[in-house]
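All remarks here apply to the structure that follows.
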Amino acid sequence: MCRPEHFTVSYTINPWMEPAKPTDTAKAVAQWQVLYDTYLQLGHQVELIDPAEGLPDMVYTANGGFIIDGIAYAPKFRFAERAGEERHFIDWFRAAGFETVIPEEVNEGEGDFLLAGDVILAGTGFRSTGDSHREVGDVFGREVVSLTLTDPRFYHLDTAISVLDPVVGAAQGGPDAANIAYLPGAFDEASQQILAERFPDAIRVSDADGAVFGLNSASDGYNVFISPRATGFEAQLRERGYNPVLIDLSELLLGGGGIKCCTLELRAKRESV
Ligand code: ARG
């Protein structure tokens, strides 16, 4: 995670960002701190990357890479405004001992790549390119399911899909299917069909819950960290036996990001058995 000490909205690269609207950096930090503290209270380990001045979107660390088995696939941002973040994340991964792969293709990390069981769900349409889907598949040697986003409000895959069971998967010795929640209307028809076939038990969230970034959530398989405004999704999660944990990041939504955007998963190298 990255404390939003330099958070503001000074440019527009998604429909949520309106530089004319005032932002409150202290409020962003305070809201972010609640998410950070809650992760720790619930037993998660959190590493921090130093925020850099002039890079107001660096708080959205999900875009800083995609990591499986101790290998970090670095980002290559679509817009020049965020390109300066790349070297900070690359330096951090290297210093932390991750094998770091520098990409050729435009990709925005875990914003557009989600590990669901053993497959990588990969988004395109606004940010990461289709070529990056091939590249990420080559880097990790895994099946990649390409999905096309069509609604500009949901410009990253992690705004339209939430992986609910991140730790299952044959690779971890568990079942090979993770369940997901998603917003059907964020995808083109072909992608909707793929999702319906692959995830017949998925939670389909309402447009109202999607529109408040309900799906931009993090899960440890039991606790699901979601926006308090996504009340329908909260009820759906409870019905399925998950424990919704409500965290309000309204200030960070002014930049077009939420809980998941502020969280990059560091999947360590598996111990060999
Ligand atoms: N302002 C940032 C951008 O447009 C927000 C990124 C949100 N991140 C995410 N993983 N969805 O790039």
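Naming works like this for the structure tokens: A, B, ... for the chains as they're shown, residue 1 at the start of each chain, ligands 1 onward in shown order.
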Once you count only C-alpha atoms and all ligand atoms, which residues end up within 8 Å of ligand 1, and could you hand them over as a CSV table (one decimal) with N, CA and C atoms, in the first residue's frame?
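The result, written out as pocket_38.csv:
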chain,number,residue,atom,x,y,z
A,9,VAL,N,-6.5,15.5,-7.2
A,9,VAL,CA,-6.9,15.2,-8.6
A,9,VAL,C,-6.6,16.4,-9.4
A,12,THR,N,-7.3,14.5,-15.6
A,12,THR,CA,-8.4,13.6,-15.8
A,12,THR,C,-8.0,12.4,-16.7
A,13,ILE,N,-8.0,11.2,-16.2
A,13,ILE,CA,-7.7,10.0,-17.1
A,13,ILE,C,-8.8,9.0,-16.9
A,14,ASN,N,-9.8,9.3,-16.1
A,14,ASN,CA,-11.0,8.4,-16.1
A,14,ASN,C,-12.2,9.4,-15.7
A,17,MET,N,-12.6,11.5,-12.4
A,17,MET,CA,-11.7,12.6,-12.0
A,17,MET,C,-12.1,14.0,-12.5
A,57,ASP,N,-1.5,9.6,-8.1
A,57,ASP,CA,-2.3,8.4,-8.2
A,57,ASP,C,-1.5,7.2,-7.7
A,60,TYR,N,-2.9,4.2,-5.7
A,60,TYR,CA,-3.6,3.1,-6.3
A,60,TYR,C,-2.6,2.0,-6.7
A,61,THR,N,-2.0,1.4,-5.6
A,61,THR,CA,-0.9,0.5,-5.9
A,61,THR,C,-1.3,-0.8,-6.7
A,62,ALA,N,-2.6,-1.1,-6.8
A,62,ALA,CA,-3.0,-2.2,-7.6
A,62,ALA,C,-2.4,-2.1,-9.0
A,63,ASN,N,-2.2,-0.9,-9.4
A,63,ASN,CA,-1.7,-0.7,-10.8
A,63,ASN,C,-0.2,-0.8,-10.9
A,82,ARG,N,1.0,8.9,-15.3
A,82,ARG,CA,1.3,7.9,-14.3
A,82,ARG,C,2.6,7.1,-14.6
A,108,GLU,N,-1.7,-2.3,-16.7
A,108,GLU,CA,-1.8,-1.6,-15.5
A,108,GLU,C,-2.0,-2.6,-14.3
A,109,GLY,N,-1.2,-3.6,-14.3
A,109,GLY,CA,-1.0,-4.5,-13.2
A,109,GLY,C,-2.3,-5.1,-12.7
A,110,GLU,N,-2.4,-5.2,-11.4
A,110,GLU,CA,-3.6,-5.9,-10.8
A,110,GLU,C,-4.9,-5.1,-11.0
A,111,GLY,N,-4.8,-3.9,-11.6
A,111,GLY,CA,-6.0,-3.2,-11.9
A,111,GLY,C,-6.7,-4.0,-13.0
A,112,ASP,N,-6.0,-4.6,-13.9
A,112,ASP,CA,-6.5,-5.4,-15.0
A,112,ASP,C,-6.3,-6.9,-15.0
A,155,TYR,N,-13.2,1.2,-15.9
A,155,TYR,CA,-12.1,1.2,-16.9
A,155,TYR,C,-11.0,0.2,-16.6
A,156,HIS,N,-11.0,-0.3,-15.3
A,156,HIS,CA,-10.1,-1.4,-14.9
A,156,HIS,C,-10.9,-2.6,-14.6
A,157,LEU,N,-10.3,-3.8,-14.8
A,157,LEU,CA,-11.1,-5.0,-14.5
A,157,LEU,C,-11.5,-5.1,-13.0
A,158,ASP,N,-10.6,-4.5,-12.1
A,158,ASP,CA,-10.9,-4.6,-10.7
A,158,ASP,C,-12.0,-3.7,-10.2
A,159,THR,N,-12.6,-2.9,-11.1
A,159,THR,CA,-13.8,-2.1,-10.8
A,159,THR,C,-15.1,-2.9,-11.2
A,216,ASN,N,-14.9,-3.0,-6.2
A,216,ASN,CA,-13.5,-2.7,-6.1
A,216,ASN,C,-13.1,-3.0,-4.6
A,255,GLY,N,-10.6,10.2,-7.3
A,255,GLY,CA,-9.6,9.8,-8.3
A,255,GLY,C,-10.0,8.6,-9.1
A,256,GLY,N,-11.2,8.0,-8.8
A,256,GLY,CA,-11.6,6.9,-9.5
A,256,GLY,C,-11.1,5.6,-9.0
A,257,GLY,N,-10.8,5.5,-7.7
A,257,GLY,CA,-10.3,4.3,-7.1
A,257,GLY,C,-11.0,4.0,-5.8
A,258,GLY,N,-10.8,2.7,-5.4
A,258,GLY,CA,-11.4,2.3,-4.1
A,258,GLY,C,-10.5,1.3,-3.4
A,260,LYS,N,-9.8,-2.0,-3.6
A,260,LYS,CA,-8.9,-2.8,-4.3
A,260,LYS,C,-7.8,-2.0,-5.0
A,261,CYS,N,-8.1,-0.9,-5.5
A,261,CYS,CA,-7.1,0.0,-6.2
A,261,CYS,C,-6.0,0.3,-5.2
A,262,CYS,N,-6.3,0.4,-4.0
A,262,CYS,CA,-5.3,0.8,-3.0
A,262,CYS,C,-4.5,-0.4,-2.4
Hey, what's within 8 Å of stretch 199-201 of chain A if we count only C-alpha atoms and toss same-chain stuff fewer than 4 positions away? As a list in words, please?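 Once the nearby chain positions are removed, what remains is Asn179, Ile180 and Leu195 of chain A.
The nearest approach to A:Val46 among the residues A:Arg267, A:Arg204, A:Arg238, A:His6, with only C-alpha atoms taken into account, belongs to A:Arg267.
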Within 12 Å of A:Glu251, counting only C-alpha atoms, which residues qualify if same-chain residues fewer than 4 places away don't, as a ChimeraX atom specification? /A:4,7-9,16-17,21-32,59,227,247,255-259
Residues of the last selection are to be written out with N, CA and C atoms, as a PDB file, in the first residue's frame.
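Writing the result to part_10.pdb gives the following:
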ATOM      1  N   PRO A   4      -1.563   8.014   0.956  1.00  0.00           N
ATOM      2  CA  PRO A   4      -1.859   9.041  -0.067  1.00  0.00           C
ATOM      3  C   PRO A   4      -1.453  10.459   0.337  1.00  0.00           C
ATOM      4  N   PHE A   7      -1.910  12.783  -2.480  1.00  0.00           N
ATOM      5  CA  PHE A   7      -3.139  12.581  -3.256  1.00  0.00           C
ATOM      6  C   PHE A   7      -3.828  13.902  -3.590  1.00  0.00           C
ATOM      7  N   THR A   8      -4.238  14.022  -4.827  1.00  0.00           N
ATOM      8  CA  THR A   8      -5.102  15.107  -5.286  1.00  0.00           C
ATOM      9  C   THR A   8      -5.642  14.683  -6.653  1.00  0.00           C
ATOM     10  N   VAL A   9      -6.509  15.494  -7.218  1.00  0.00           N
ATOM     11  CA  VAL A   9      -6.950  15.209  -8.590  1.00  0.00           C
ATOM     12  C   VAL A   9      -6.558  16.408  -9.442  1.00  0.00           C
ATOM     13  N   TRP A  16     -14.256   9.625 -13.406  1.00  0.00           N
ATOM     14  CA  TRP A  16     -14.488  10.026 -12.021  1.00  0.00           C
ATOM     15  C   TRP A  16     -13.700  11.267 -11.646  1.00  0.00           C
ATOM     16  N   MET A  17     -12.634  11.537 -12.380  1.00  0.00           N
ATOM     17  CA  MET A  17     -11.684  12.586 -11.977  1.00  0.00           C
ATOM     18  C   MET A  17     -12.111  13.953 -12.508  1.00  0.00           C
ATOM     19  N   LYS A  21     -13.135  19.922  -8.874  1.00  0.00           N
ATOM     20  CA  LYS A  21     -13.683  19.583  -7.547  1.00  0.00           C
ATOM     21  C   LYS A  21     -12.563  19.564  -6.529  1.00  0.00           C
ATOM     22  N   PRO A  22     -12.779  20.172  -5.368  1.00  0.00           N
ATOM     23  CA  PRO A  22     -11.691  20.153  -4.376  1.00  0.00           C
ATOM     24  C   PRO A  22     -11.478  18.758  -3.786  1.00  0.00           C
ATOM     25  N   THR A  23     -10.246  18.456  -3.434  1.00  0.00           N
ATOM     26  CA  THR A  23      -9.940  17.210  -2.731  1.00  0.00           C
ATOM     27  C   THR A  23      -9.331  17.562  -1.383  1.00  0.00           C
ATOM     28  N   ASP A  24      -9.414  16.630  -0.470  1.00  0.00           N
ATOM     29  CA  ASP A  24      -8.942  16.848   0.890  1.00  0.00           C
ATOM     30  C   ASP A  24      -7.922  15.748   1.197  1.00  0.00           C
ATOM     31  N   THR A  25      -6.654  16.103   1.080  1.00  0.00           N
ATOM     32  CA  THR A  25      -5.602  15.097   1.216  1.00  0.00           C
ATOM     33  C   THR A  25      -5.593  14.486   2.620  1.00  0.00           C
ATOM     34  N   ALA A  26      -5.826  15.328   3.637  1.00  0.00           N
ATOM     35  CA  ALA A  26      -5.831  14.801   5.013  1.00  0.00           C
ATOM     36  C   ALA A  26      -6.950  13.775   5.195  1.00  0.00           C
ATOM     37  N   LYS A  27      -8.090  14.042   4.569  1.00  0.00           N
ATOM     38  CA  LYS A  27      -9.205  13.096   4.665  1.00  0.00           C
ATOM     39  C   LYS A  27      -8.866  11.792   3.923  1.00  0.00           C
ATOM     40  N   ALA A  28      -8.218  11.939   2.774  1.00  0.00           N
ATOM     41  CA  ALA A  28      -7.811  10.738   2.033  1.00  0.00           C
ATOM     42  C   ALA A  28      -6.867   9.882   2.890  1.00  0.00           C
ATOM     43  N   VAL A  29      -5.928  10.542   3.548  1.00  0.00           N
ATOM     44  CA  VAL A  29      -4.976   9.810   4.394  1.00  0.00           C
ATOM     45  C   VAL A  29      -5.716   9.127   5.543  1.00  0.00           C
ATOM     46  N   ALA A  30      -6.647   9.856   6.163  1.00  0.00           N
ATOM     47  CA  ALA A  30      -7.374   9.292   7.313  1.00  0.00           C
ATOM     48  C   ALA A  30      -8.212   8.077   6.883  1.00  0.00           C
ATOM     49  N   GLN A  31      -8.876   8.175   5.743  1.00  0.00           N
ATOM     50  CA  GLN A  31      -9.693   7.040   5.279  1.00  0.00           C
ATOM     51  C   GLN A  31      -8.805   5.855   4.923  1.00  0.00           C
ATOM     52  N   TRP A  32      -7.707   6.157   4.259  1.00  0.00           N
ATOM     53  CA  TRP A  32      -6.747   5.106   3.883  1.00  0.00           C
ATOM     54  C   TRP A  32      -6.207   4.409   5.132  1.00  0.00           C
ATOM     55  N   VAL A  59      -1.138   6.175  -4.823  1.00  0.00           N
ATOM     56  CA  VAL A  59      -1.907   5.471  -3.781  1.00  0.00           C
ATOM     57  C   VAL A  59      -2.594   4.224  -4.343  1.00  0.00           C
ATOM     58  N   SER A 227     -17.069  -1.234   0.022  1.00  0.00           N
ATOM     59  CA  SER A 227     -17.605   0.100   0.299  1.00  0.00           C
ATOM     60  C   SER A 227     -18.917  -0.013   1.076  1.00  0.00           C
ATOM     61  N   ILE A 247     -15.524  -0.332   4.562  1.00  0.00           N
ATOM     62  CA  ILE A 247     -14.485   0.694   4.667  1.00  0.00           C
ATOM     63  C   ILE A 247     -14.824   1.805   3.668  1.00  0.00           C
ATOM     64  N   GLY A 255     -10.628  10.151  -7.271  1.00  0.00           N
ATOM     65  CA  GLY A 255      -9.602   9.817  -8.266  1.00  0.00           C
ATOM     66  C   GLY A 255      -9.987   8.596  -9.081  1.00  0.00           C
ATOM     67  N   GLY A 256     -11.157   8.046  -8.786  1.00  0.00           N
ATOM     68  CA  GLY A 256     -11.612   6.877  -9.535  1.00  0.00           C
ATOM     69  C   GLY A 256     -11.080   5.578  -8.982  1.00  0.00           C
ATOM     70  N   GLY A 257     -10.827   5.543  -7.671  1.00  0.00           N
ATOM     71  CA  GLY A 257     -10.300   4.304  -7.092  1.00  0.00           C
ATOM     72  C   GLY A 257     -10.952   3.974  -5.774  1.00  0.00           C
ATOM     73  N   GLY A 258     -10.842   2.734  -5.371  1.00  0.00           N
ATOM     74  CA  GLY A 258     -11.421   2.284  -4.111  1.00  0.00           C
ATOM     75  C   GLY A 258     -10.480   1.337  -3.395  1.00  0.00           C
ATOM     76  N   ILE A 259     -11.072   0.437  -2.637  1.00  0.00           N
ATOM     77  CA  ILE A 259     -10.302  -0.450  -1.756  1.00  0.00           C
ATOM     78  C   ILE A 259      -9.300  -1.293  -2.535  1.00  0.00           C
TER      79      ILE A 259
END
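Going from atom CA of A:Gly232 over to atom CA of A:Ser219, you cover 17.0 Å.
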Based on DSSP run over this structure's backbone, return all residues of stretch 35-173 of chain A in helix (DSSP H, G or I), as a ChimeraX atom specification. /A:35-41,56-59,61-64,80-83,85-95,109-111,130-140,157-159,170-172
Would you save the residues of that selection, restricted to C-alpha atoms, as a PDB file, in the first residue's frame?
ATOM      1  CA  LEU A  35      -8.165   0.385   5.601  1.00  0.00           C
ATOM      2  CA  TYR A  36      -4.526  -0.149   6.563  1.00  0.00           C
ATOM      3  CA  ASP A  37      -5.338  -0.564  10.275  1.00  0.00           C
ATOM      4  CA  THR A  38      -8.191  -2.954   9.507  1.00  0.00           C
ATOM      5  CA  TYR A  39      -5.967  -5.179   7.374  1.00  0.00           C
ATOM      6  CA  LEU A  40      -3.521  -5.396  10.269  1.00  0.00           C
ATOM      7  CA  GLN A  41      -6.232  -6.025  12.850  1.00  0.00           C
ATOM      8  CA  PRO A  56      -0.974  11.725  -6.942  1.00  0.00           C
ATOM      9  CA  ASP A  57      -2.267   8.376  -8.231  1.00  0.00           C
ATOM     10  CA  MET A  58       0.490   6.331  -6.618  1.00  0.00           C
ATOM     11  CA  VAL A  59      -1.907   5.471  -3.781  1.00  0.00           C
ATOM     12  CA  THR A  61      -0.900   0.457  -5.874  1.00  0.00           C
ATOM     13  CA  ALA A  62      -2.978  -2.239  -7.567  1.00  0.00           C
ATOM     14  CA  ASN A  63      -1.708  -0.698 -10.785  1.00  0.00           C
ATOM     15  CA  GLY A  64       1.892  -1.037  -9.650  1.00  0.00           C
ATOM     16  CA  ALA A  80       2.001   9.749 -19.284  1.00  0.00           C
ATOM     17  CA  GLU A  81       0.600  11.159 -16.026  1.00  0.00           C
ATOM     18  CA  ARG A  82       1.294   7.857 -14.284  1.00  0.00           C
ATOM     19  CA  ALA A  83       4.423   6.685 -16.109  1.00  0.00           C
ATOM     20  CA  GLU A  85       5.317   5.560 -10.959  1.00  0.00           C
ATOM     21  CA  GLU A  86       6.871   2.670 -12.879  1.00  0.00           C
ATOM     22  CA  ARG A  87      10.418   3.078 -11.613  1.00  0.00           C
ATOM     23  CA  HIS A  88       9.276   3.413  -8.013  1.00  0.00           C
ATOM     24  CA  PHE A  89       7.444   0.102  -8.143  1.00  0.00           C
ATOM     25  CA  ILE A  90      10.270  -1.602 -10.032  1.00  0.00           C
ATOM     26  CA  ASP A  91      12.826  -0.403  -7.476  1.00  0.00           C
ATOM     27  CA  TRP A  92      10.586  -1.544  -4.635  1.00  0.00           C
ATOM     28  CA  PHE A  93      10.090  -5.036  -6.086  1.00  0.00           C
ATOM     29  CA  ARG A  94      13.811  -5.454  -6.669  1.00  0.00           C
ATOM     30  CA  ALA A  95      14.727  -4.246  -3.183  1.00  0.00           C
ATOM     31  CA  GLY A 109      -1.019  -4.495 -13.180  1.00  0.00           C
ATOM     32  CA  GLU A 110      -3.583  -5.923 -10.840  1.00  0.00           C
ATOM     33  CA  GLY A 111      -6.018  -3.241 -11.931  1.00  0.00           C
ATOM     34  CA  GLY A 130      -4.742  -7.319 -25.577  1.00  0.00           C
ATOM     35  CA  ASP A 131      -1.027  -7.869 -26.260  1.00  0.00           C
ATOM     36  CA  SER A 132      -0.345  -7.559 -22.540  1.00  0.00           C
ATOM     37  CA  HIS A 133      -2.688 -10.510 -22.001  1.00  0.00           C
ATOM     38  CA  ARG A 134      -0.406 -12.659 -24.121  1.00  0.00           C
ATOM     39  CA  GLU A 135       2.630 -11.277 -22.335  1.00  0.00           C
ATOM     40  CA  VAL A 136       1.256 -11.906 -18.826  1.00  0.00           C
ATOM     41  CA  GLY A 137       0.378 -15.467 -19.863  1.00  0.00           C
ATOM     42  CA  ASP A 138       3.948 -16.018 -21.080  1.00  0.00           C
ATOM     43  CA  VAL A 139       5.458 -14.555 -17.913  1.00  0.00           C
ATOM     44  CA  PHE A 140       3.449 -16.745 -15.551  1.00  0.00           C
ATOM     45  CA  LEU A 157     -11.077  -5.004 -14.457  1.00  0.00           C
ATOM     46  CA  ASP A 158     -10.907  -4.620 -10.672  1.00  0.00           C
ATOM     47  CA  THR A 159     -13.780  -2.119 -10.807  1.00  0.00           C
ATOM     48  CA  ALA A 170      -4.802 -26.146  -7.283  1.00  0.00           C
ATOM     49  CA  ALA A 171      -1.440 -24.410  -7.009  1.00  0.00           C
ATOM     50  CA  GLN A 172      -2.123 -23.774  -3.331  1.00  0.00           C
TER      51      GLN A 172
END
